[in-house]
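The structure appears right after this line, and notes come after that.
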Amino acid sequence: MELIQSFSVDHMRIIPGIFLSREDTLGSEKVTTYDIRLKKPNREPVIDVAAMHSLEHLIATFLRNDPDWKDEVIYWGPMGCLTGFYLILKGDRPPQALYDLMLNVFSSVADATQVPGATAVNCGHYLMHNLNMAKWYAAEFVKYLKENRDNAAIFEYPRAERLITDKGQQFFDS
């Protein structure tokens, strides 16, 4: 069975950043999935579930209301491993083109006084939110992005490649 693209990333070497995860064509439109990684997988504690849920609501609302980006946004949602988010956009920008957007999006969380859509009518688990922790994680990521603006590694996935021997055996090499 083919290994899906997101599993070809070396999760023991990935650092927080903004990465191009995959590019697809839907009809005549290009669509790009980005990995917005806040935590080092398997080496740092994951994002608190309630804070992750709050960040999902806050940032999805920001993105879908941003006049420059709202028509490009297809999806914003959490990774199952709780180390970051996926952003799906129309078009095919390099991850560096999202730097200012991510800086603005995560910076905007500091000003939030409530989590949008955190009611029983609007949310599937409206009691599972933590705005204060969401603010903490957002501030941590903003600080990290600012400190690493010129670090090319925050835009490039470390890949894990499958090596195939002459006898057909498959190995992973980071």
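Each chain of the structure tokens is named A, B, ... in the order shown, its residues numbered from 1; ligands are numbered from 1 in display order.
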Selection: 9 Å around Met52 of chain A, only C-alpha atoms, excl. self and same-chain fewer than 2 positions, as a count of residues only | 17
So which residues touch segment 87-95 of chain A within 12 Å, counting only C-alpha atoms, skipping near sequence neighbours fewer than 3 positions away, as a ChimeraX atom specification?
-> /A:17-37,56,59-60,63-64,69-79,84,98-102,152-157
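If you look at atom CA of Ala112 of chain A and atom CA of His53 of chain A, they are 14.3 Å away from each other.
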DSSP says alpha helix (DSSP H) for which residues of chain A? Put them as an MDAnalysis selection string?
-> chainID A and resid 49:65 99:108 131:147
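When DSSP is run on the backbone, the residues of segment 31-99 of chain A that fall into strand (DSSP E or B) are Val31, Thr32, Thr33, Tyr34, Asp35, Ile36, Arg37, Val73, Ile74, Tyr75, Trp76, Gly77, Pro78, Gly84, Phe85, Tyr86, Leu87, Ile88, Leu89 and Lys90 of chain A.
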Please produce an output containing N, CA and C atoms for each residue in the selection, written as a compact mmCIF listing (two decimals), in the first residue's frame.
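Output saved as result_18.txt:
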# COMPACT_ATOMS: atom_id res chain seq x y z
N VAL A 31 -5.38 23.77 -5.67
CA VAL A 31 -5.69 23.84 -4.25
C VAL A 31 -4.46 23.35 -3.50
N THR A 32 -4.07 24.09 -2.47
CA THR A 32 -2.86 23.74 -1.72
C THR A 32 -3.19 23.56 -0.25
N THR A 33 -2.65 22.48 0.32
CA THR A 33 -2.78 22.21 1.75
C THR A 33 -1.47 22.59 2.42
N TYR A 34 -1.59 23.38 3.48
CA TYR A 34 -0.43 23.80 4.25
C TYR A 34 -0.50 23.19 5.65
N ASP A 35 0.65 22.86 6.17
CA ASP A 35 0.81 22.35 7.52
C ASP A 35 1.30 23.52 8.36
N ILE A 36 0.47 23.98 9.28
CA ILE A 36 0.85 25.06 10.18
C ILE A 36 1.19 24.38 11.51
N ARG A 37 2.47 24.12 11.70
CA ARG A 37 2.93 23.28 12.81
C ARG A 37 3.38 24.14 13.98
N VAL A 73 -9.79 30.88 1.19
CA VAL A 73 -9.83 29.86 2.25
C VAL A 73 -10.86 28.79 1.96
N ILE A 74 -10.40 27.55 1.98
CA ILE A 74 -11.30 26.40 1.84
C ILE A 74 -11.50 25.74 3.19
N TYR A 75 -10.43 25.62 3.98
CA TYR A 75 -10.53 24.89 5.24
C TYR A 75 -9.43 25.31 6.20
N TRP A 76 -9.76 25.38 7.48
CA TRP A 76 -8.81 25.53 8.58
C TRP A 76 -9.24 24.54 9.66
N GLY A 77 -8.37 23.64 10.05
CA GLY A 77 -8.74 22.69 11.08
C GLY A 77 -7.54 22.02 11.72
N PRO A 78 -7.77 21.40 12.89
CA PRO A 78 -6.68 20.81 13.66
C PRO A 78 -6.18 19.49 13.09
N GLY A 84 -0.59 20.87 15.40
CA GLY A 84 -0.76 21.99 14.48
C GLY A 84 -2.09 21.93 13.76
N PHE A 85 -2.16 22.68 12.67
CA PHE A 85 -3.38 22.83 11.90
C PHE A 85 -3.11 22.62 10.42
N TYR A 86 -4.17 22.31 9.69
CA TYR A 86 -4.11 22.30 8.23
C TYR A 86 -4.88 23.51 7.72
N LEU A 87 -4.30 24.16 6.74
CA LEU A 87 -4.95 25.28 6.04
C LEU A 87 -4.99 24.89 4.57
N ILE A 88 -6.18 24.88 4.00
CA ILE A 88 -6.34 24.59 2.57
C ILE A 88 -6.79 25.87 1.89
N LEU A 89 -6.03 26.27 0.88
CA LEU A 89 -6.30 27.50 0.13
C LEU A 89 -6.40 27.23 -1.36
N LYS A 90 -7.16 28.05 -2.04
CA LYS A 90 -7.13 28.06 -3.49
C LYS A 90 -5.78 28.62 -3.92
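The two atoms in question, atom CA of Tyr144 of chain A and atom CA of Leu103 of chain A, are spaced 9.9 Å apart.
Of the listed residues A:Val46, A:Val105, A:Leu58, A:Ala120, the one whose atoms come nearest to Leu145 of chain A is A:Val105, with distances taken using only C-alpha atoms.
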Can you list, as a ChimeraX atom specification, every protein, DNA or RNA residue that comes within 9 Å of Lys135 of chain A when you count only C-alpha atoms, leaving out same-chain residues fewer than 4 positions away?
-> /A:51,55,106-107,109-112,130-131,139-140
